[in-house]
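J.: Next comes the structure file data03.pdb, holding PDB, C-alpha atoms, pLDDT in the B column.
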```pdb
ATOM      1  CA  MET A 787     145.878-109.894  22.920  1.00 87.00           C
ATOM      2  CA  LYS A 788     143.306-107.236  23.793  1.00 94.00           C
ATOM      3  CA  VAL A 789     139.789-108.260  24.765  1.00 94.00           C
ATOM      4  CA  SER A 790     138.479-106.477  21.659  1.00 96.00           C
ATOM      5  CA  GLN A 791     140.738-108.586  19.432  1.00 96.00           C
ATOM      6  CA  ALA A 792     139.695-111.817  21.142  1.00 95.00           C
ATOM      7  CA  LEU A 793     136.038-110.895  20.621  1.00 94.00           C
ATOM      8  CA  ARG A 794     136.586-110.219  16.931  1.00 94.00           C
ATOM      9  CA  GLU A 795     138.580-113.384  16.335  1.00 95.00           C
ATOM     10  CA  ARG A 796     136.615-115.855  18.453  1.00 95.00           C
ATOM     11  CA  ARG A 797     134.397-118.099  16.392  1.00 95.00           C
ATOM     12  CA  SER A 798     132.895-121.564  16.609  1.00 96.00           C
ATOM     13  CA  VAL A 799     135.545-123.893  15.188  1.00 97.00           C
ATOM     14  CA  ARG A 800     134.316-127.168  13.717  1.00 97.00           C
ATOM     15  CA  ALA A 801     137.586-128.819  12.675  1.00 97.00           C
ATOM     16  CA  PHE A 802     140.496-129.283  15.060  1.00 98.00           C
ATOM     17  CA  LEU A 803     144.088-130.419  14.725  1.00 97.00           C
ATOM     18  CA  ASP A 804     145.281-133.646  16.331  1.00 95.00           C
ATOM     19  CA  ARG A 805     147.330-131.656  18.819  1.00 96.00           C
ATOM     20  CA  PRO A 806     146.908-132.026  22.580  1.00 95.00           C
ATOM     21  CA  VAL A 807     146.171-129.067  24.815  1.00 96.00           C
ATOM     22  CA  PRO A 808     148.433-128.725  27.873  1.00 95.00           C
ATOM     23  CA  PRO A 809     146.327-129.741  30.911  1.00 95.00           C
ATOM     24  CA  ALA A 810     148.099-127.198  33.124  1.00 96.00           C
ATOM     25  CA  LEU A 811     147.087-124.385  30.769  1.00 97.00           C
ATOM     26  CA  LEU A 812     143.468-125.535  30.765  1.00 97.00           C
ATOM     27  CA  ARG A 813     143.413-125.656  34.557  1.00 97.00           C
ATOM     28  CA  GLU A 814     144.813-122.127  34.693  1.00 98.00           C
ATOM     29  CA  LEU A 815     142.209-120.755  32.286  1.00 98.00           C
ATOM     30  CA  LEU A 816     139.311-122.605  33.919  1.00 98.00           C
ATOM     31  CA  GLU A 817     140.311-121.080  37.223  1.00 98.00           C
ATOM     32  CA  LEU A 818     140.787-117.581  35.820  1.00 98.00           C
ATOM     33  CA  ALA A 819     137.419-117.648  34.023  1.00 98.00           C
ATOM     34  CA  ALA A 820     135.783-118.025  37.430  1.00 98.00           C
ATOM     35  CA  ARG A 821     136.373-114.287  37.861  1.00 98.00           C
ATOM     36  CA  ALA A 822     133.234-113.957  35.725  1.00 98.00           C
ATOM     37  CA  PRO A 823     130.393-112.249  37.607  1.00 97.00           C
ATOM     38  CA  SER A 824     127.509-114.139  39.138  1.00 97.00           C
ATOM     39  CA  SER A 825     124.489-112.826  41.014  1.00 96.00           C
ATOM     40  CA  GLY A 826     125.086-113.073  44.741  1.00 97.00           C
ATOM     41  CA  ASN A 827     128.460-114.666  43.927  1.00 98.00           C
ATOM     42  CA  LEU A 828     126.698-118.038  43.655  1.00 97.00           C
ATOM     43  CA  GLN A 829     129.185-119.241  41.013  1.00 98.00           C
ATOM     44  CA  PRO A 830     126.674-121.843  39.796  1.00 98.00           C
ATOM     45  CA  TRP A 831     128.849-123.368  37.061  1.00 98.00           C
ATOM     46  CA  ARG A 832     129.977-126.994  37.398  1.00 98.00           C
ATOM     47  CA  ILE A 833     132.394-128.425  34.860  1.00 98.00           C
ATOM     48  CA  HIS A 834     133.763-131.799  33.768  1.00 98.00           C
ATOM     49  CA  MET A 835     136.896-131.770  31.610  1.00 98.00           C
ATOM     50  CA  LEU A 836     137.614-134.768  29.354  1.00 98.00           C
ATOM     51  CA  GLN A 837     140.924-135.438  27.641  1.00 97.00           C
ATOM     52  CA  GLY A 838     142.963-138.447  26.569  1.00 96.00           C
ATOM     53  CA  ASP A 839     141.550-141.861  27.432  1.00 97.00           C
ATOM     54  CA  ALA A 840     138.530-140.380  29.194  1.00 97.00           C
ATOM     55  CA  LEU A 841     137.545-138.518  26.040  1.00 98.00           C
ATOM     56  CA  LYS A 842     138.022-141.640  23.904  1.00 97.00           C
ATOM     57  CA  ARG A 843     135.845-143.679  26.272  1.00 98.00           C
ATOM     58  CA  PHE A 844     133.157-141.028  26.202  1.00 98.00           C
ATOM     59  CA  VAL A 845     133.103-140.801  22.389  1.00 97.00           C
ATOM     60  CA  ALA A 846     132.797-144.603  22.233  1.00 97.00           C
ATOM     61  CA  HIS A 847     130.019-144.475  24.843  1.00 96.00           C
ATOM     62  CA  ILE A 848     128.028-141.980  22.776  1.00 96.00           C
ATOM     63  CA  ALA A 849     128.698-143.832  19.509  1.00 96.00           C
ATOM     64  CA  GLU A 850     127.166-146.953  21.043  1.00 95.00           C
ATOM     65  CA  ARG A 851     124.144-144.961  22.204  1.00 95.00           C
ATOM     66  CA  LEU A 852     123.623-143.396  18.774  1.00 94.00           C
ATOM     67  CA  THR A 853     123.836-146.813  17.130  1.00 94.00           C
ATOM     68  CA  SER A 854     121.500-148.610  19.516  1.00 95.00           C
ATOM     69  CA  ASP A 855     119.030-145.799  20.205  1.00 94.00           C
ATOM     70  CA  PRO A 856     119.365-142.631  18.095  1.00 93.00           C
ATOM     71  CA  GLU A 857     116.143-141.082  19.384  1.00 95.00           C
ATOM     72  CA  PRO A 858     116.822-138.042  21.604  1.00 95.00           C
ATOM     73  CA  ASP A 859     116.119-138.149  25.318  1.00 96.00           C
ATOM     74  CA  PRO A 860     113.106-136.278  26.700  1.00 95.00           C
ATOM     75  CA  ALA A 861     114.283-132.689  26.888  1.00 93.00           C
ATOM     76  CA  ASP A 862     115.312-131.146  30.190  1.00 94.00           C
ATOM     77  CA  TYR A 863     115.075-127.765  28.505  1.00 93.00           C
ATOM     78  CA  GLN A 864     114.393-126.382  25.027  1.00 92.00           C
ATOM     79  CA  VAL A 865     117.532-125.169  23.286  1.00 93.00           C
ATOM     80  CA  TYR A 866     115.334-123.008  21.022  1.00 94.00           C
ATOM     81  CA  PRO A 867     111.791-121.722  21.579  1.00 93.00           C
ATOM     82  CA  GLN A 868     109.188-123.836  19.827  1.00 92.00           C
ATOM     83  CA  PRO A 869     108.202-122.587  17.351  1.00 94.00           C
ATOM     84  CA  LEU A 870     111.188-120.365  16.625  1.00 95.00           C
ATOM     85  CA  GLN A 871     109.787-117.075  15.367  1.00 96.00           C
ATOM     86  CA  GLU A 872     111.191-114.348  13.147  1.00 95.00           C
ATOM     87  CA  PRO A 873     113.707-112.793  12.904  1.00 94.00           C
ATOM     88  CA  TYR A 874     115.431-115.545  14.868  1.00 94.00           C
ATOM     89  CA  ARG A 875     114.362-118.348  12.554  1.00 95.00           C
ATOM     90  CA  THR A 876     115.943-116.630   9.546  1.00 95.00           C
ATOM     91  CA  SER A 877     119.185-115.977  11.454  1.00 95.00           C
ATOM     92  CA  ARG A 878     119.495-119.662  12.319  1.00 94.00           C
ATOM     93  CA  PHE A 879     118.631-120.762   8.787  1.00 94.00           C
ATOM     94  CA  GLU A 880     121.130-118.419   7.152  1.00 94.00           C
ATOM     95  CA  VAL A 881     124.118-119.391   9.268  1.00 94.00           C
ATOM     96  CA  GLY A 882     123.372-123.057   8.575  1.00 93.00           C
ATOM     97  CA  GLU A 883     123.247-122.432   4.851  1.00 93.00           C
ATOM     98  CA  GLN A 884     126.527-120.517   5.010  1.00 94.00           C
ATOM     99  CA  MET A 885     128.205-123.422   6.782  1.00 94.00           C
ATOM    100  CA  TYR A 886     126.906-126.104   4.412  1.00 92.00           C
ATOM    101  CA  GLY A 887     127.833-123.889   1.468  1.00 93.00           C
ATOM    102  CA  LEU A 888     131.464-123.849   2.641  1.00 93.00           C
ATOM    103  CA  LEU A 889     131.300-127.636   2.967  1.00 92.00           C
ATOM    104  CA  GLY A 890     129.807-128.043  -0.511  1.00 93.00           C
ATOM    105  CA  ILE A 891     126.778-129.900   0.860  1.00 93.00           C
ATOM    106  CA  GLY A 892     123.528-129.015  -0.886  1.00 91.00           C
ATOM    107  CA  ARG A 893     120.232-128.633   0.915  1.00 89.00           C
ATOM    108  CA  GLU A 894     118.829-131.701  -0.846  1.00 90.00           C
ATOM    109  CA  ASP A 895     121.726-133.928   0.309  1.00 92.00           C
ATOM    110  CA  LYS A 896     120.184-135.061   3.577  1.00 91.00           C
ATOM    111  CA  PRO A 897     122.578-138.000   4.195  1.00 92.00           C
ATOM    112  CA  ALA A 898     125.620-135.732   3.887  1.00 92.00           C
ATOM    113  CA  ARG A 899     124.072-133.174   6.218  1.00 91.00           C
ATOM    114  CA  LEU A 900     123.264-135.829   8.791  1.00 91.00           C
ATOM    115  CA  ALA A 901     126.778-137.250   8.517  1.00 92.00           C
ATOM    116  CA  TRP A 902     128.224-133.804   9.110  1.00 92.00           C
ATOM    117  CA  PHE A 903     125.935-133.184  12.089  1.00 91.00           C
ATOM    118  CA  ALA A 904     127.106-136.474  13.606  1.00 92.00           C
ATOM    119  CA  ARG A 905     130.592-134.971  13.920  1.00 93.00           C
ATOM    120  CA  ASN A 906     129.192-132.883  16.763  1.00 94.00           C
ATOM    121  CA  PHE A 907     129.191-136.054  18.827  1.00 96.00           C
ATOM    122  CA  ARG A 908     132.931-136.486  18.297  1.00 96.00           C
ATOM    123  CA  PHE A 909     133.550-132.857  19.290  1.00 97.00           C
ATOM    124  CA  PHE A 910     134.800-132.265  15.738  1.00 96.00           C
ATOM    125  CA  GLU A 911     137.891-134.294  16.730  1.00 96.00           C
ATOM    126  CA  ALA A 912     138.908-131.735  19.361  1.00 98.00           C
ATOM    127  CA  PRO A 913     141.397-133.079  21.938  1.00 98.00           C
ATOM    128  CA  CYS A 914     139.476-131.665  24.881  1.00 98.00           C
ATOM    129  CA  ALA A 915     135.805-131.433  25.855  1.00 98.00           C
ATOM    130  CA  LEU A 916     134.223-129.472  28.672  1.00 98.00           C
ATOM    131  CA  PHE A 917     130.752-130.287  29.968  1.00 98.00           C
ATOM    132  CA  PHE A 918     128.788-127.671  31.893  1.00 98.00           C
ATOM    133  CA  SER A 919     125.984-128.348  34.327  1.00 98.00           C
ATOM    134  CA  VAL A 920     123.979-126.478  36.951  1.00 97.00           C
ATOM    135  CA  ASP A 921     121.881-127.509  39.918  1.00 97.00           C
ATOM    136  CA  ARG A 922     118.263-128.047  38.932  1.00 97.00           C
ATOM    137  CA  CYS A 923     117.137-125.613  41.628  1.00 97.00           C
ATOM    138  CA  MET A 924     118.811-122.763  39.749  1.00 97.00           C
ATOM    139  CA  GLY A 925     116.818-120.379  37.569  1.00 95.00           C
ATOM    140  CA  PRO A 926     117.319-118.118  34.533  1.00 95.00           C
ATOM    141  CA  GLY A 927     119.599-115.775  36.475  1.00 96.00           C
ATOM    142  CA  GLN A 928     122.083-118.530  37.220  1.00 97.00           C
ATOM    143  CA  TRP A 929     121.933-119.774  33.621  1.00 96.00           C
ATOM    144  CA  ALA A 930     122.926-116.265  32.588  1.00 97.00           C
ATOM    145  CA  ASP A 931     125.821-116.458  35.080  1.00 98.00           C
ATOM    146  CA  LEU A 932     126.899-119.722  33.484  1.00 98.00           C
ATOM    147  CA  GLY A 933     126.892-118.040  30.073  1.00 97.00           C
ATOM    148  CA  MET A 934     129.143-115.283  31.401  1.00 98.00           C
ATOM    149  CA  TYR A 935     131.596-117.898  32.659  1.00 98.00           C
ATOM    150  CA  GLN A 936     131.579-119.681  29.317  1.00 98.00           C
ATOM    151  CA  GLN A 937     132.182-116.482  27.350  1.00 98.00           C
ATOM    152  CA  SER A 938     135.000-115.485  29.696  1.00 98.00           C
ATOM    153  CA  LEU A 939     136.594-118.882  29.188  1.00 98.00           C
ATOM    154  CA  MET A 940     136.301-118.818  25.386  1.00 98.00           C
ATOM    155  CA  LEU A 941     137.953-115.394  25.247  1.00 98.00           C
ATOM    156  CA  LEU A 942     140.780-116.616  27.477  1.00 98.00           C
ATOM    157  CA  LEU A 943     141.228-119.654  25.239  1.00 98.00           C
ATOM    158  CA  LYS A 944     141.481-117.373  22.220  1.00 98.00           C
ATOM    159  CA  GLU A 945     144.055-115.201  23.980  1.00 97.00           C
ATOM    160  CA  HIS A 946     146.227-118.298  24.418  1.00 97.00           C
ATOM    161  CA  GLY A 947     145.959-119.466  20.812  1.00 96.00           C
ATOM    162  CA  LEU A 948     143.205-121.998  21.390  1.00 98.00           C
ATOM    163  CA  ASP A 949     139.820-122.282  19.717  1.00 98.00           C
ATOM    164  CA  SER A 950     136.476-123.582  20.847  1.00 98.00           C
ATOM    165  CA  CYS A 951     132.982-124.556  19.810  1.00 98.00           C
ATOM    166  CA  PRO A 952     130.045-124.338  22.217  1.00 98.00           C
ATOM    167  CA  GLN A 953     127.686-127.256  21.600  1.00 97.00           C
ATOM    168  CA  ALA A 954     124.072-127.279  22.752  1.00 96.00           C
ATOM    169  CA  CYS A 955     123.480-130.522  20.813  1.00 95.00           C
ATOM    170  CA  TRP A 956     124.439-132.594  23.847  1.00 97.00           C
ATOM    171  CA  ALA A 957     121.116-131.694  25.459  1.00 95.00           C
ATOM    172  CA  ARG A 958     119.599-134.198  22.994  1.00 95.00           C
ATOM    173  CA  TYR A 959     121.362-137.074  24.751  1.00 96.00           C
ATOM    174  CA  HIS A 960     121.723-135.634  28.217  1.00 97.00           C
ATOM    175  CA  ARG A 961     120.936-138.906  29.979  1.00 96.00           C
ATOM    176  CA  SER A 962     123.861-140.684  28.319  1.00 97.00           C
ATOM    177  CA  VAL A 963     126.159-137.786  29.190  1.00 97.00           C
ATOM    178  CA  GLU A 964     124.927-137.694  32.779  1.00 97.00           C
ATOM    179  CA  GLU A 965     125.412-141.458  33.048  1.00 96.00           C
ATOM    180  CA  PHE A 966     129.015-141.295  31.882  1.00 98.00           C
ATOM    181  CA  LEU A 967     129.884-138.286  34.041  1.00 97.00           C
ATOM    182  CA  GLN A 968     127.956-139.731  36.992  1.00 97.00           C
ATOM    183  CA  LEU A 969     126.176-136.461  37.524  1.00 97.00           C
ATOM    184  CA  PRO A 970     124.001-136.441  40.641  1.00 96.00           C
ATOM    185  CA  ALA A 971     120.251-136.370  40.063  1.00 95.00           C
ATOM    186  CA  GLU A 972     120.028-132.740  41.199  1.00 96.00           C
ATOM    187  CA  ARG A 973     122.389-131.593  38.429  1.00 97.00           C
ATOM    188  CA  MET A 974     121.237-130.637  34.904  1.00 97.00           C
ATOM    189  CA  LEU A 975     123.450-130.755  31.832  1.00 97.00           C
ATOM    190  CA  HIS A 976     123.607-127.454  29.954  1.00 97.00           C
ATOM    191  CA  CYS A 977     126.057-127.873  27.069  1.00 97.00           C
ATOM    192  CA  ALA A 978     129.617-128.744  26.104  1.00 98.00           C
ATOM    193  CA  ILE A 979     132.501-126.758  24.666  1.00 98.00           C
ATOM    194  CA  ALA A 980     135.011-128.438  22.367  1.00 98.00           C
ATOM    195  CA  VAL A 981     138.527-127.058  22.849  1.00 98.00           C
ATOM    196  CA  GLY A 982     141.669-127.363  20.772  1.00 98.00           C
ATOM    197  CA  TYR A 983     143.753-125.890  17.991  1.00 98.00           C
ATOM    198  CA  SER A 984     141.898-124.898  14.846  1.00 97.00           C
ATOM    199  CA  ASP A 985     142.608-126.654  11.556  1.00 97.00           C
ATOM    200  CA  THR A 986     143.007-123.474   9.542  1.00 95.00           C
ATOM    201  CA  GLU A 987     142.960-125.431   6.260  1.00 96.00           C
ATOM    202  CA  ALA A 988     139.455-126.786   6.857  1.00 96.00           C
ATOM    203  CA  PRO A 989     136.859-124.923   4.739  1.00 95.00           C
ATOM    204  CA  VAL A 990     134.281-124.954   7.534  1.00 95.00           C
ATOM    205  CA  ASN A 991     136.554-122.828   9.688  1.00 96.00           C
ATOM    206  CA  ARG A 992     136.243-119.976   7.217  1.00 95.00           C
ATOM    207  CA  LEU A 993     132.714-119.436   8.481  1.00 94.00           C
ATOM    208  CA  VAL A 994     132.270-116.034  10.114  1.00 94.00           C
ATOM    209  CA  SER A 995     128.664-115.645  11.179  1.00 94.00           C
ATOM    210  CA  GLU A 996     127.108-112.243  10.607  1.00 93.00           C
ATOM    211  CA  ARG A 997     126.022-109.881  13.353  1.00 93.00           C
ATOM    212  CA  LEU A 998     123.085-107.505  13.411  1.00 93.00           C
ATOM    213  CA  PRO A 999     123.759-103.769  13.108  1.00 95.00           C
ATOM    214  CA  LEU A1000     123.757-101.956  16.435  1.00 96.00           C
ATOM    215  CA  GLU A1001     120.479-100.184  15.717  1.00 95.00           C
ATOM    216  CA  ALA A1002     118.709-103.534  15.372  1.00 94.00           C
ATOM    217  CA  PHE A1003     119.208-104.450  19.015  1.00 95.00           C
ATOM    218  CA  CYS A1004     120.023-101.274  20.923  1.00 96.00           C
ATOM    219  CA  THR A1005     117.702 -98.354  21.740  1.00 96.00           C
ATOM    220  CA  PHE A1006     119.344 -95.060  22.651  1.00 95.00           C
ATOM    221  CA  LEU A1007     117.551 -92.768  25.080  1.00 95.00           C
ATOM    222  CA  GLU A1008     118.842 -89.256  25.794  1.00 92.00           C
TER     223      GLU A1008
END
```
Represent the structure contained in this file as structure tokens.
T.:
Amino acid sequence: MKVSQALRERRSVRAFLDRPVPPALLRELLELAARAPSSGNLQPWRIHMLQGDALKRFVAHIAERLTSDPEPDPADYQVYPQPLQEPYRTSRFEVGEQMYGLLGIGREDKPARLAWFARNFRFFEAPCALFFSVDRCMGPGQWADLGMYQQSLMLLLKEHGLDSCPQACWARYHRSVEEFLQLPAERMLHCAIAVGYSDTEAPVNRLVSERLPLEAFCTFLE
């Protein structure tokens, strides 16, 4: 598969098959993705991979937290600027409406929307979860490096027939995640990526989010 094909076909999958991912393949791709660039070659990414019993224990750990204390933790960072201004607010709103439209969940059906959102915290039944963290001393440059690693990994996953879903929602409950993973105090949780084989029959996986035309984000100087 060419890089261009992987870019076109990669999307955030929100329904996975009950099919395990070979651990040896994941190790290979995690290692290869580390060829991603980083300023000063700091390689600031730190990763925890959960599969099998570890993943089941984690999902149970989070389910207990959500039942006993559903309020989010104090934020280590803001996933979105507050308030989110235009045109970004409209972009976020529209992709959400597209997704719930595929699911047949109306805007007024708040319980159904909340129930669907809760599936985030089961990784959409993916058989593998990757958590990403960085040292708290790192700045925006190293967060950009982390993003380049994550994109490299998701393209490699696609090349090998796997799908993924990056999930910033875990920042809401970062303390519970950090507790389970036993992250040291100097480490900050960034996000997770669910990994597995897409359930191609699931309506939600027909979602293809739109992209802006080139002229909307690129200025050409000659």
J.: Kindly indicate which residue among A:Leu852, A:Ala840, A:Met835, A:Cys923 lies nearest to Phe907 in chain A, using all atoms listed in the file for the distances.
T.: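 For Phe907 in chain A, the nearest of the given residues is A:Leu852.
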J.: Take the PyMOL selection byres ((chain A and resi 794) around 12), apply it to the structure above, and return the hits as a list of chain:residue names.
T.: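 On the file shown, the PyMOL selection byres ((chain A and resi 794) around 12) covers A:Met787, A:Lys788, A:Val789, A:Ser790, A:Gln791, A:Ala792, A:Leu793, A:Glu795, A:Arg796, A:Arg797, A:Ser798, A:Leu941, A:Lys944, A:Glu945, A:Val994, A:Ser995, A:Glu996, A:Arg997.
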J.: For this structure, which residues satisfy the selection - the PyMOL selection byres ((chain A and resi 956) around 9) - when it is evaluated on the file as given? I want them as a VMD selection string.
T.: chain A and resid 906 to 907 953 to 955 957 to 960 963 975 to 978
J.: Quick one: of A:Arg813, A:Phe918, A:Pro873, A:Ala861, who's nearest to Phe1003 in chain A, counting only C-alpha atoms?
T.: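 Going through A:Arg813, A:Phe918, A:Pro873, A:Ala861 one by one, the smallest distance to Phe1003 in chain A is for A:Pro873.
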J.: Would you work out the distance separating CA of Met974 in chain A from CA of Tyr863 in chain A, expressed in Å to one decimal?
T.: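 Result for CA of Met974 in chain A versus CA of Tyr863 in chain A: 9.3 Å, one decimal.
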J.: Can you list, as a list in words, the residues that the PyMOL selection byres ((chain A and resi 911) around 9) selects here?
T.: Arg800, Ala801, Phe802, Leu803, Asp804, Arg905, Asn906, Arg908, Phe909, Phe910, Ala912, Pro913, Cys914, Ala980 and Gly982 of chain A
J.: Out of A:Leu815, A:Leu1000, A:Met885, A:Leu948, which residue has the shortest atom-to-atom distance to Asp985 in chain A when counting only C-alpha atoms?
T.: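 Ranking A:Leu815, A:Leu1000, A:Met885, A:Leu948 by distance to Asp985 in chain A, first place goes to A:Leu948.
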J.: Closest to Gly933 in chain A among A:Glu817, A:Phe879, A:Gln829, A:Tyr866, using all atoms listed in the file?
T.: A:Gln829
J.: For Glu972 in chain A, which residue among A:Leu836, A:Leu998, A:Leu900, A:Met924 is the nearest when counting only C-alpha atoms?
T.: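 The closest residue to Glu972 in chain A is A:Met924.
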